[in-house]
Amino acid sequence: MKDVMGIINLQEDNKLIRELTDKRAVESMPFAGRYRLIDFTLSSMVNSGILNVGVMLPDKPRSVLDHLRSGKDWDLARRHDGLFYLPSPSEEESIRKGDLKNFYHNLDFFEHSSQKYVLLTSGSFVYNVDFSQMLRFHQNTSADITMVYYTAKEEQPGRNVVLETAENGLVTDMAEKPAIYDDSKVAMNVYLIEKRIFVELVRYTYEHGGQDLLMDGIIRRANEYNIYACEHDGYVAHVDSTSAYYKANMDLLQPEVWEELFMGSNSIYTKGKDEVPVQYKETAKVKNSLIANGCVIRGEVENSILFRGVTVGKGVKIKNSIIMQKCDIQDDSLVENVICDKNVVISKEKWLKGANNYPLIITKNVVI
Amino acid sequence: MKDVMGIINLQEDNKLIRELTDKRAVESMPFAGRYRLIDFTLSSMVNSGILNVGVMLPDKPRSVLDHLRSGKDWDLARRHDGLFYLPSPSEEESIRKGDLKNFYHNLDFFEHSSQKYVLLTSGSFVYNVDFSQMLRFHQNTSADITMVYYTAKEEQPGRNVVLETAENGLVTDMAEKPAIYDDSKVAMNVYLIEKRIFVELVRYTYEHGGQDLLMDGIIRRANEYNIYACEHDGYVAHVDSTSAYYKANMDLLQPEVWEELFMGSNSIYTKGKDEVPVQYKETAKVKNSLIANGCVIRGEVENSILFRGVTVGKGVKIKNSIIMQKCDIQDDSLVENVICDKNVVISKEKWLKGANNYPLIITKNVVI
Amino acid sequence: MRKTECLAMILAGGQGSRLGALTKKIAKPAVPFGGKYRIIDFPLSNCANSGIDKVGVLTQYRPLELHNYLASGSAWDLDQKNGGIFILPPYAREKGADWYQGTADAIYQNLNFIDLADPEYVLILSGDHIYTMDYSWMLEAHKMNKAEATIGVIEVPWEEAPRFGIMNTDKTGRIEEFEEKPAKPKSNLASMGIYVFNKNFLKKYLEEDAKDETSSHDFGKNIIPKMLKDKARLYSYAFEGYWKDVGTIESLWQANMDLLQDQPPFDLKGEKKIYSSNESMPPHYIGPDAKVKNSMISEGSMVLGEVENSVIFPGVRIGKGVKVTNSVIMPSTVIRDGAVVDYAILAQNCEVAAGAKVTGQLGAITVVAEGETVEAEASGKQAG
Amino acid sequence: MRKTECLAMILAGGQGSRLGALTKKIAKPAVPFGGKYRIIDFPLSNCANSGIDKVGVLTQYRPLELHNYLASGSAWDLDQKNGGIFILPPYAREKGADWYQGTADAIYQNLNFIDLADPEYVLILSGDHIYTMDYSWMLEAHKMNKAEATIGVIEVPWEEAPRFGIMNTDKTGRIEEFEEKPAKPKSNLASMGIYVFNKNFLKKYLEEDAKDETSSHDFGKNIIPKMLKDKARLYSYAFEGYWKDVGTIESLWQANMDLLQDQPPFDLKGEKKIYSSNESMPPHYIGPDAKVKNSMISEGSMVLGEVENSVIFPGVRIGKGVKVTNSVIMPSTVIRDGAVVDYAILAQNCEVAAGAKVTGQLGAITVVAEGETVEAEASGKQAG
């Protein structure tokens with residue numbers, strides 16, 4: 001895989017998840033107690049042996065820069081190759097919309113890299129994929145572009161690209177659908193392309209007025225390329241809405257999903273915080289929950305996910321909730337069906353309850 | 001110095017040096033054969049023992065990000081502290097002009113850092129300073145703010161802040177002047193302030209309509225603070241115009257300046273390129289010049305600076321010129337009083353000559 | 001190149017035989033402590049937090065495993081241009097290799113390392129103690145006193161003083177007398193085994209001591225008394241706070257239990273963080289029928305049974321119906337359904353079979369060595 | 001944790017006595033070469049460029065100085081989570097320390113390191129050669145051939161073949177016979193001292209060899225012939241390109257001079273970069289009266305005199321009126337005004353006094369050892 005460079009495209013449309021992404025890009029959403037969403041695709045790249053990763057910075061780059069920093073936690077603070085930040089072009093360079101201009105204005109990064117292939121992913125998927133298998137598939141099929149899909153097991157709303165493929169993996173149709181159904185082959189926004197072809201595709205499409213890489217560059221020009229797709233049969237979640245975010249977190253309370261994503265031979269890396277182990281005090285009662293290091297627990301927690309450094313006071317009851325980093329849930333309060341963003345304080349004896357299918361969201365730094 | 005955090009403010013006004021800064025920030029201007037301007041202040045910080053450095057990104061961040069990357073070449077790819085990028089606020093956060101908004105919108109970075117002092121510098125000065133002496137001076141005088149100045153030895157145009165000080169270093173006046181004269185005490189845009197005071201200064205000034213840290217925050221409020229200044233008696237250049245840029249490069253052909261800046265106990269670090277040593281071929285003739293690794297020389301070079309990877313063909317004559325990275329000066333061409341930006345090709349037998357005091361500038365990637 | 005002002009040397013000891021089965025496969029400094037740390041994380045983190053970036057680790061035993069744990073030193077930010085962690089086992093030399101004979105001999109054998117680093121001061125630390133301390137304050141005191149050596153001391157209860165090396169000092173803190181394990185101590189200031197020396201001063205005494213065939217080459221027994229005899233400027237530097245020797249099974253177990261108190265005497269969450277080099281693991285999972293109290297649990301573990309008064313390290317599996325009490329369970333150990341563990345230390349990668357029992361008692365903690373399996377029929381007590 | 005597929009072990013040799021005065025203070029792998037490199041930069045850069053990230057360096061001699069040069073391995077991007085450079089001197093063991101007896105013994109003594117890394121393949125390299133090679137192609141060939149061992153070979157002129165270990169292969173490249181320095185070679189394919197072994201296969205042979213008291217514990221003399229006798233699947237892998245032994249003063253000098261040809265036989269500017277760990281230094285300065293031709297000069301040097309047919313390393317000072325010809329001047333050496341240097345190798349930190357002469361001749365290169373000063377009156381020839 002030293003012949004493959006990775007690109008993570010952080011240009012997602014945030015609208016469906018706005019409360020949590022007001023100050024951050026969706027890809028730097030805290031997830032699963034200690035991670036950010038981007039950790040999953042970045043760790044998959046690193047574990048697959050990719051040494052050169054470009055991150056296309058989103059409009060709100062602060063949270064991404066603050067999380068990834070030098071790339072050292074992902075072994076990407078290298079003298080040669082390693083992590084690169086690719087900023088968006090300034091307004092004087094381009095006022096066009098869409099993600100294509102970002103690729104176009106960073107083409108020199110691609111051209112100066114020594115790798116033969118480009119692996120393009122987005123940062124809003126949860127998965128643990130070995131991309132080196134994809135490269136083998138790509139080389140065996142002699143594809144121009146290889147994509148990865150998963151097979152949907154249930155109906156679900158949300159815009160997604162759905163594929164139809166022949167038995168050998170050749171993509172016969174590809175279209176953006178408003179929802180997915182049982183057995184849909186849903187694209188995971190992963191593309192492996194020879195760099196030469198990728199550069200030509202970006203340049204031609206942008207210079208002929210294209211705006212969106214997927215729509216204008218790939219879907220519209222699908223008949224010009226030999227496109228194949230291979231299936232990923234492990235866990236996948238696309239975090240494109242608040243409910244998808246909530247559901248994907250809760251999925252991790254299934255030990256099989258937790259084991260598959262995190263405890264296999266390929267770890268998911270994240271920014272280290274050197275938090276101490278969780279302290280369970282005399283009055284703690286915890287059931288079916290994920291608890292991250294740095295928490296101190298004196299109350300009850302059930303079906304919930306506690307991020308690093310959360311304090312749970314005596315007499316507290318937390319249920320079906322996601323409590324982010326450094327929240328302080330003080331004595332005798334009740335928290336049910338809630339997503340607490342970072343640094344929230346729930347003071348004593350407060351009762352907060354969201355709906356079963358519509359969690360209450362408490363924004364960052366609020367004191368209640 | 002583990003109690004001091006560094007901030008490099010990359011918000012310089014570029015107008016006087018526009019040909020060379022069309023696509024890059026002035027602080028990432030190539031300098032002295034293998035460096036970028038920002039290397040001088042950053043290396044001075046690192047050599048002084050500062051472990052936590054924030055870089056306020058300029059409007060054209062690409063060249064800065066590409067140069068500094070993980071910070072590893074400056075020993076700043078650390079798990080704790082290290083190099084941080086501080087992006088400008090987005091338009092929806094602030095439409096005000098000036099650099100103050102950048103500080104204001106990154107105040108959380110200051111507040112979350114463990115250091116007691118802030119050292120603020122700009123990236124367009126050439127010097128090799130030990131800031132730990134400045135900290136001792138600051139502590140001994142009990143100053144609120146300590147600045148650094150040099151004593152001008154000749155008249156020079158260009159806006160600069162000129163200080164007047166009492167014998168003990170207390171600043172009695174401070175004003176921006178259109179030019180400097182013999183014996184002027186010229187501020188080097190270096191400020192050491194206790195973090196608590198700095199945060200208060202930024203917050204108060206911004207919330208009361210200030211735009212510029214120096215003008216609105218320090219000069220206008222000078223009477224509220226105890227401001228001291230200490231002198232730096234080594235080499236200094238402020239690269240604020242094309243002629244200052246040219247002159248500062250040429251200064252390095254004085255072996256004393258070259259020794260003082262680069263060969264003392266504190267090195268200047270830069271991005272490593274692993275270039276091979278310079279190859280002087282049979283027909284090479286080089287006099288009074290700085291030649292960076294990776295060059296291959298078959299022609300004549302005099303009073304000039306050649307950056308990494310420049311090729312000089314047979315019969316070429318280069319005089320009084322600055323030739324940046326990877327330029328290719330082909331056989332029998334003549335180049336005098338010229339600044340060639342990166343990747344310029346001067347094809348065979350071309351003659352290029354600028355004026356003695358007004359060098360001809362050839363922009364990046366041009367083939368002549 | 002920046003100069004190294006103060007070089008730290010950590011005496012990471014011999015085969016650590018007092019820790020018995022726990023050091024069968026790893027060097028003592030690499031023994032797990034406190035739910036996610038290793039013993040050596042404490043002096044290394046102290047160095048990092050004190051601004052000391054060059055550290056030699058002297059070990060006789062299993063240097064490769066320790067090298068694997070310390071790696072490039074990046075976990076402690078010690079992978080810097082002029083810094084770094086150097087593991088210093090007894091190398092083969094022209095005359096053949098010698099085991100380190102005592103603490104002073106270990107430093108003596110590495111004088112060429114010290115000369116290469118060329119610091120002004122040498123800080124000598126022991127790898128057996130759990131504490132947090134900013135050594136830069138001690139160094140500052142050393143300079144202020146114009147001392148040639150400064151020894152870290154801590155007040156111990158008078159009745160325990162006879163177990164320690166005891167300092168008798170004047171009002172300025174200058175050491176007048178040093179008694180190793182005195183029957184009738186004149187003070188309760190015990191040596192912590194933390195020394196700052198001026199480099200050349202140290203070198204002179206080590207070279208003299210090496211020539212003395214009657215010496216046991218130990219700082220406490222030989223070097224310090226010799227320095228005092230010569231009226232050298234030796235000062236004490238008083239430390240206040242938690243400081244615990246974890247060189248025996250019982251003290252290691254007790255120091256882990258100390259962390260479980262409601263207000264622990266030693267707060268791992270103190271102002272200065274303790275760094276460690278851990279594999280990346282997810283938050284731990286507590287199952288629907290689990291019961292956890294008065295315990296510490298770390299990342300990557302899965303708890304389906306009951307845990308009380310125990311410290312659980314990363315990657316541990318605790319099955320359904322299991323009862324773990326008063327115990328320390330080290331990384332990646334598996335305790336299968338229905339097993340019982342009480343007053344025990346289980347080293348790394350152990351397995352306790354379904355229904356098996358591992359029980360010790362206060363004062364006689366049962367230890368299961370790294371990689372061992374306790375079968376249900378063979379269960380019961382094992383010698384520590 | 002990612003698994004290490006292929007572990008590299010670099011045999012960095014003994015005291016490198018054939019390099020005489022150049023290895024007085026440094027191990028042979030750290031000897032400077034090519035204007036800014038050290039010999040070990042070549043195999044290390046080859047490893048980095050081949051995707052091999054875990055490297056053991058076996059040296060008997062001055063491991064600390066080598067450790068200082070290699071530091072965390074970041075210059076070669078080898079400071080990665082599961083990778084790294086491990087310096088492996090002969091450690092003291094339970095039975096005391098043994099010097100490495102031969103190439104095979106050196107690897108044998110580090111079998112526990114290999115077991116810890118647990119790779120599928122072990123790549124064994126020599127630290128004496130200058131070349132660039134992508135080992136991943138050799139590994140690929142090894143797998144395709146289902147080989148148990150693969151040996152890198154290079155065609156040498158027939159008349160030189162008797163100086164090498166010579167392979168006789170069948171058409172598929174399978175090795176049928178290996179002759180160490182044959183008087184009448186049947187082929188001109190010489191062993192480069194580069195081996196890929198399946199780990200378990202290697203281990204078995206090393207353990208057998210260690211028990212054999214008549215063996216000299218050498219890959220070429222003992223291990224490879226034994227494997228061939230057992231009809232094991234040994235294949236050759238042919239390398240084309242520049243490959244030069246720099247184990248003697250004359251060959252080291254010649255290899256430096258090779259770089260000065262107008263079209264050098266070995267291009268340091270090749271597709272794959274050679275990485276090295278250098279202090280940060282500015283572009284070199286050439287003075288107003290200097291004359292430089294047919295030479296290589298590196299960063300941080302200042303040339304005021306004449307330099308011809310020479311290789312000048314970083315930080316060198318060449319004074320006014322100096323003439324340096326046909327010479328190699330290693331880092332930080334100072335040649336004062338009016339001195340003459342011809343057919344010489346000056347090691348690091350030497351000083352040639354004003355007006356002094358250091359002259360050798362082709363075939364008898366004069367060597368000045370590290371840190372020495374050549375005075376004007378004492379000038380003249382010094383033994384290499």
# chains A, B, ... in the order shown; residues from 1 in each chain; ligands from 1

call {"tool": "interface_residues", "arguments": {"of": "chain C", "to": "chain D", "cutoff": "9 Å", "atoms": "only C-alpha atoms", "output": "PyMOL selection string"}}
result
chain C and resi 1+60-61+63-65+67-68+71-74+79-86+89-93+96-99+112-113+116+279

call {"tool": "closest_atom_pairs", "arguments": {"of": "chain A", "to": "chain B", "cutoff": "8 Å", "atoms": "only C-alpha atoms", "output": "CSV"}}
result
residue,atom,partner,partner_atom,distance
A:Asp59,CA,B:Ser90,CA,7.6
A:Lys60,CA,B:Ser90,CA,7.3
A:Pro61,CA,B:Pro87,CA,7.2
A:Arg62,CA,B:Pro87,CA,6.3
A:Leu65,CA,B:Tyr85,CA,6.7
A:Asp66,CA,B:Phe84,CA,7.2
A:Arg69,CA,B:Phe84,CA,6.6
A:Ser70,CA,B:Ser70,CA,4.0
A:Gly71,CA,B:Ser70,CA,6.8
A:Lys72,CA,B:Ala77,CA,6.8
A:Asp73,CA,B:Arg79,CA,7.6
A:Ala77,CA,B:Ser70,CA,5.6
A:Arg78,CA,B:Lys72,CA,7.5
A:Arg79,CA,B:Lys72,CA,7.2
A:Leu83,CA,B:Ser70,CA,7.4
A:Phe84,CA,B:Arg69,CA,6.6
A:Tyr85,CA,B:Leu65,CA,6.7
A:Leu86,CA,B:Arg62,CA,7.0
A:Pro87,CA,B:Arg62,CA,6.3
A:Ser90,CA,B:Lys60,CA,7.2
A:Gly272,CA,B:Arg79,CA,7.5

call {"tool": "closest_residue", "arguments": {"among": "D:Thr248, D:Thr172, D:Asn309, D:Ser298", "to": "D:Asp262", "atoms": "only C-alpha atoms"}}
result
D:Asn309

call {"tool": "closest_residue", "arguments": {"among": "B:Ser241, B:Asn47, B:Gln211, B:Asn52", "to": "chain C", "atoms": "only C-alpha atoms"}}
result
B:Asn47

call {"tool": "interface_residues", "arguments": {"of": "chain A", "to": "chain C", "cutoff": "8 Å", "atoms": "only C-alpha atoms", "output": "PyMOL selection string"}}
result
chain A and resi 32-34+253+255+262-263+267-270+274-293

call {"tool": "residues_around", "arguments": {"residues": "stretch 203-209 of chain D", "least_positions_apart": "5", "cutoff": "9 Å", "atoms": "only C-alpha atoms", "output": "ChimeraX atom specification"}}
result
/D:104-105,107-108,111,198,215-217,222-223,226-227

call {"tool": "write_last_selection", "arguments": {"atoms": "C-alpha atoms", "output": "mmCIF file, in the first residue's frame"}}
result
data_model
loop_
_atom_site.group_PDB
_atom_site.id
_atom_site.type_symbol
_atom_site.label_atom_id
_atom_site.label_comp_id
_atom_site.auth_asym_id
_atom_site.auth_seq_id
_atom_site.Cartn_x
_atom_site.Cartn_y
_atom_site.Cartn_z
ATOM 1 C CA ALA D 104 25.478 -16.285 11.955
ATOM 2 C CA ASP D 105 26.336 -16.144 15.639
ATOM 3 C CA ILE D 107 21.927 -13.277 14.479
ATOM 4 C CA TYR D 108 21.723 -16.362 16.708
ATOM 5 C CA LEU D 111 16.956 -14.762 18.214
ATOM 6 C CA ASN D 198 11.714 -17.634 6.170
ATOM 7 C CA SER D 215 31.504 -24.195 12.834
ATOM 8 C CA SER D 216 32.862 -20.685 12.423
ATOM 9 C CA HIS D 217 29.228 -19.477 12.607
ATOM 10 C CA ASN D 222 28.553 -22.629 7.240
ATOM 11 C CA ILE D 223 24.843 -21.821 7.064
ATOM 12 C CA LYS D 226 24.436 -26.648 5.112
ATOM 13 C CA MET D 227 21.107 -25.511 3.657
#

call {"tool": "select_by_dssp", "arguments": {"residues": "stretch 104-247 of chain D", "states": "alpha helix (DSSP H)", "output": "JSON, numbers by chain"}}
result
{"D": [104, 105, 106, 107, 108, 111, 112, 113, 114, 115, 116, 117, 135, 136, 137, 138, 139, 140, 141, 142, 143, 144, 199, 200, 201, 202, 203, 204, 205, 206, 207, 208, 209, 210, 211, 224, 225, 226, 227, 228, 229]}

call {"tool": "atom_distance", "arguments": {"atom1": "atom CA of C:Tyr195", "atom2": "atom CA of C:Asp41"}}
result
18.8 Å

call {"tool": "residues_around", "arguments": {"residues": "B:Ala175", "least_positions_apart": "4", "cutoff": "7 Å", "atoms": "only C-alpha atoms", "output": "PyMOL selection string"}}
result
chain B and resi 161-163

call {"tool": "write_last_selection", "arguments": {"atoms": "all heavy atoms", "output": "PDB file, in the first residue's frame"}}
result
ATOM      1  N   VAL B 161       7.651  50.538  14.172  1.00  0.00           N
ATOM      2  CA  VAL B 161       7.361  51.130  15.473  1.00  0.00           C
ATOM      3  C   VAL B 161       8.693  51.474  16.131  1.00  0.00           C
ATOM      4  O   VAL B 161       9.579  50.630  16.231  1.00  0.00           O
ATOM      5  CB  VAL B 161       6.545  50.167  16.348  1.00  0.00           C
ATOM      6  CG1 VAL B 161       6.456  50.700  17.770  1.00  0.00           C
ATOM      7  CG2 VAL B 161       5.161  49.992  15.750  1.00  0.00           C
ATOM      8  N   VAL B 162       8.833  52.748  16.503  1.00  0.00           N
ATOM      9  CA  VAL B 162      10.071  53.228  17.097  1.00  0.00           C
ATOM     10  C   VAL B 162       9.809  53.540  18.571  1.00  0.00           C
ATOM     11  O   VAL B 162       8.771  54.103  18.916  1.00  0.00           O
ATOM     12  CB  VAL B 162      10.579  54.465  16.334  1.00  0.00           C
ATOM     13  CG1 VAL B 162      11.751  55.106  17.050  1.00  0.00           C
ATOM     14  CG2 VAL B 162      10.980  54.063  14.914  1.00  0.00           C
ATOM     15  N   LEU B 163      10.739  53.122  19.421  1.00  0.00           N
ATOM     16  CA  LEU B 163      10.563  53.275  20.866  1.00  0.00           C
ATOM     17  C   LEU B 163      11.478  54.360  21.413  1.00  0.00           C
ATOM     18  O   LEU B 163      12.542  54.618  20.867  1.00  0.00           O
ATOM     19  CB  LEU B 163      10.923  51.967  21.580  1.00  0.00           C
ATOM     20  CG  LEU B 163      10.264  50.686  21.101  1.00  0.00           C
ATOM     21  CD1 LEU B 163      10.766  49.514  21.945  1.00  0.00           C
ATOM     22  CD2 LEU B 163       8.753  50.796  21.215  1.00  0.00           C
TER      23      LEU B 163
END

call {"tool": "select_by_dssp", "arguments": {"residues": "stretch 112-153 of chain A", "states": "strand (DSSP E or B)", "output": "ChimeraX atom specification"}}
result
/A:117-122,125-126,145-151

call {"tool": "closest_residue", "arguments": {"among": "C:Val31, C:Leu123, C:Val368, C:Ala21", "to": "C:Lys54", "atoms": "only C-alpha atoms"}}
result
C:Leu123

call {"tool": "residues_around", "arguments": {"residues": "B:Ser44", "least_positions_apart": "6", "cutoff": "9 Å", "atoms": "only C-alpha atoms", "output": "number ranges by chain"}}
result
B: 50, 127-131, 266-268

call {"tool": "write_last_selection", "arguments": {"atoms": "N, CA, C and O atoms", "output": "short mmCIF file (atom, residue, chain, number, x, y, z; two decimals), in the first residue's frame"}}
result
data_model
loop_
_atom_site.label_atom_id
_atom_site.label_comp_id
_atom_site.auth_asym_id
_atom_site.auth_seq_id
_atom_site.Cartn_x
_atom_site.Cartn_y
_atom_site.Cartn_z
N ILE B 50 10.96 26.83 24.31
CA ILE B 50 9.49 26.90 24.23
C ILE B 50 8.98 25.63 23.56
O ILE B 50 9.49 25.21 22.52
N TYR B 127 16.34 36.83 12.40
CA TYR B 127 17.19 36.99 13.58
C TYR B 127 17.40 35.63 14.23
O TYR B 127 16.71 34.66 13.88
N ASN B 128 18.32 35.53 15.13
CA ASN B 128 18.52 34.33 15.92
C ASN B 128 18.67 34.80 17.36
O ASN B 128 19.74 35.22 17.79
N VAL B 129 17.55 34.79 18.09
CA VAL B 129 17.49 35.40 19.42
C VAL B 129 17.29 34.33 20.49
O VAL B 129 16.56 33.36 20.26
N ASP B 130 17.93 34.49 21.63
CA ASP B 130 17.65 33.62 22.77
C ASP B 130 16.62 34.31 23.67
O ASP B 130 16.94 35.23 24.40
N PHE B 131 15.38 33.87 23.56
CA PHE B 131 14.30 34.54 24.30
C PHE B 131 14.37 34.27 25.80
O PHE B 131 13.67 34.92 26.56
N ASN B 266 22.99 27.85 18.55
CA ASN B 266 21.57 27.64 18.24
C ASN B 266 21.35 27.61 16.73
O ASN B 266 21.50 28.63 16.06
N SER B 267 20.98 26.45 16.22
CA SER B 267 20.75 26.31 14.78
C SER B 267 19.43 26.92 14.36
O SER B 267 18.52 27.09 15.18
N ILE B 268 19.32 27.24 13.08
CA ILE B 268 18.02 27.55 12.49
C ILE B 268 17.55 26.28 11.78
O ILE B 268 18.26 25.71 10.96
#

call {"tool": "residues_around", "arguments": {"residues": "A:Ser132", "least_positions_apart": "2", "cutoff": "8 Å", "atoms": "only C-alpha atoms", "output": "PyMOL selection string"}}
result
chain A and resi 1+48-49+130+134-136

call {"tool": "decode", "arguments": {"residues": "stretch 170-176 of chain C", "atoms": "all heavy atoms", "output": "mmCIF file, in the first residue's frame"}}
result
data_model
loop_
_atom_site.group_PDB
_atom_site.id
_atom_site.type_symbol
_atom_site.label_atom_id
_atom_site.label_comp_id
_atom_site.auth_asym_id
_atom_site.auth_seq_id
_atom_site.Cartn_x
_atom_site.Cartn_y
_atom_site.Cartn_z
ATOM 1 N N ASP C 170 21.462 20.126 59.390
ATOM 2 C CA ASP C 170 21.431 21.354 60.186
ATOM 3 C C ASP C 170 20.207 22.169 59.753
ATOM 4 O O ASP C 170 19.407 21.741 58.920
ATOM 5 C CB ASP C 170 22.756 22.128 60.052
ATOM 6 C CG ASP C 170 22.947 22.729 58.668
ATOM 7 O OD1 ASP C 170 21.975 22.762 57.878
ATOM 8 O OD2 ASP C 170 24.071 23.176 58.377
ATOM 9 N N LYS C 171 20.109 23.385 60.303
ATOM 10 C CA LYS C 171 18.908 24.186 60.034
ATOM 11 C C LYS C 171 18.768 24.571 58.570
ATOM 12 O O LYS C 171 17.680 24.807 58.074
ATOM 13 C CB LYS C 171 18.942 25.466 60.881
ATOM 14 C CG LYS C 171 18.526 25.225 62.314
ATOM 15 C CD LYS C 171 18.599 26.511 63.097
ATOM 16 C CE LYS C 171 18.547 26.231 64.594
ATOM 17 N NZ LYS C 171 19.042 27.373 65.367
ATOM 18 N N THR C 172 19.889 24.677 57.858
ATOM 19 C CA THR C 172 19.828 25.082 56.457
ATOM 20 C C THR C 172 19.533 23.907 55.546
ATOM 21 O O THR C 172 19.425 24.067 54.330
ATOM 22 C CB THR C 172 21.166 25.691 56.007
ATOM 23 O OG1 THR C 172 22.170 24.648 56.032
ATOM 24 C CG2 THR C 172 21.607 26.813 56.919
ATOM 25 N N GLY C 173 19.416 22.719 56.130
ATOM 26 C CA GLY C 173 19.165 21.557 55.291
ATOM 27 C C GLY C 173 20.437 20.838 54.892
ATOM 28 O O GLY C 173 20.398 19.805 54.217
ATOM 29 N N ARG C 174 21.598 21.373 55.319
ATOM 30 C CA ARG C 174 22.841 20.701 54.973
ATOM 31 C C ARG C 174 22.966 19.417 55.774
ATOM 32 O O ARG C 174 22.685 19.376 56.968
ATOM 33 C CB ARG C 174 24.035 21.620 55.258
ATOM 34 C CG ARG C 174 25.345 20.975 54.844
ATOM 35 C CD ARG C 174 26.454 21.954 54.659
ATOM 36 N NE ARG C 174 27.695 21.263 54.371
ATOM 37 C CZ ARG C 174 28.828 21.854 54.068
ATOM 38 N NH1 ARG C 174 28.859 23.195 54.005
ATOM 39 N NH2 ARG C 174 29.905 21.167 53.808
ATOM 40 N N ILE C 175 23.343 18.356 55.093
ATOM 41 C CA ILE C 175 23.383 17.039 55.726
ATOM 42 C C ILE C 175 24.660 16.904 56.536
ATOM 43 O O ILE C 175 25.761 17.119 56.022
ATOM 44 C CB ILE C 175 23.298 15.920 54.671
ATOM 45 C CG1 ILE C 175 21.964 16.039 53.892
ATOM 46 C CG2 ILE C 175 23.412 14.544 55.317
ATOM 47 C CD1 ILE C 175 21.888 15.192 52.667
ATOM 48 N N GLU C 176 24.490 16.558 57.817
ATOM 49 C CA GLU C 176 25.642 16.388 58.697
ATOM 50 C C GLU C 176 25.991 14.927 58.871
ATOM 51 O O GLU C 176 27.134 14.565 59.100
ATOM 52 C CB GLU C 176 25.344 17.018 60.058
ATOM 53 C CG GLU C 176 25.186 18.533 59.935
ATOM 54 C CD GLU C 176 24.722 19.182 61.231
ATOM 55 O OE1 GLU C 176 23.925 18.544 61.947
ATOM 56 O OE2 GLU C 176 25.148 20.317 61.499
#
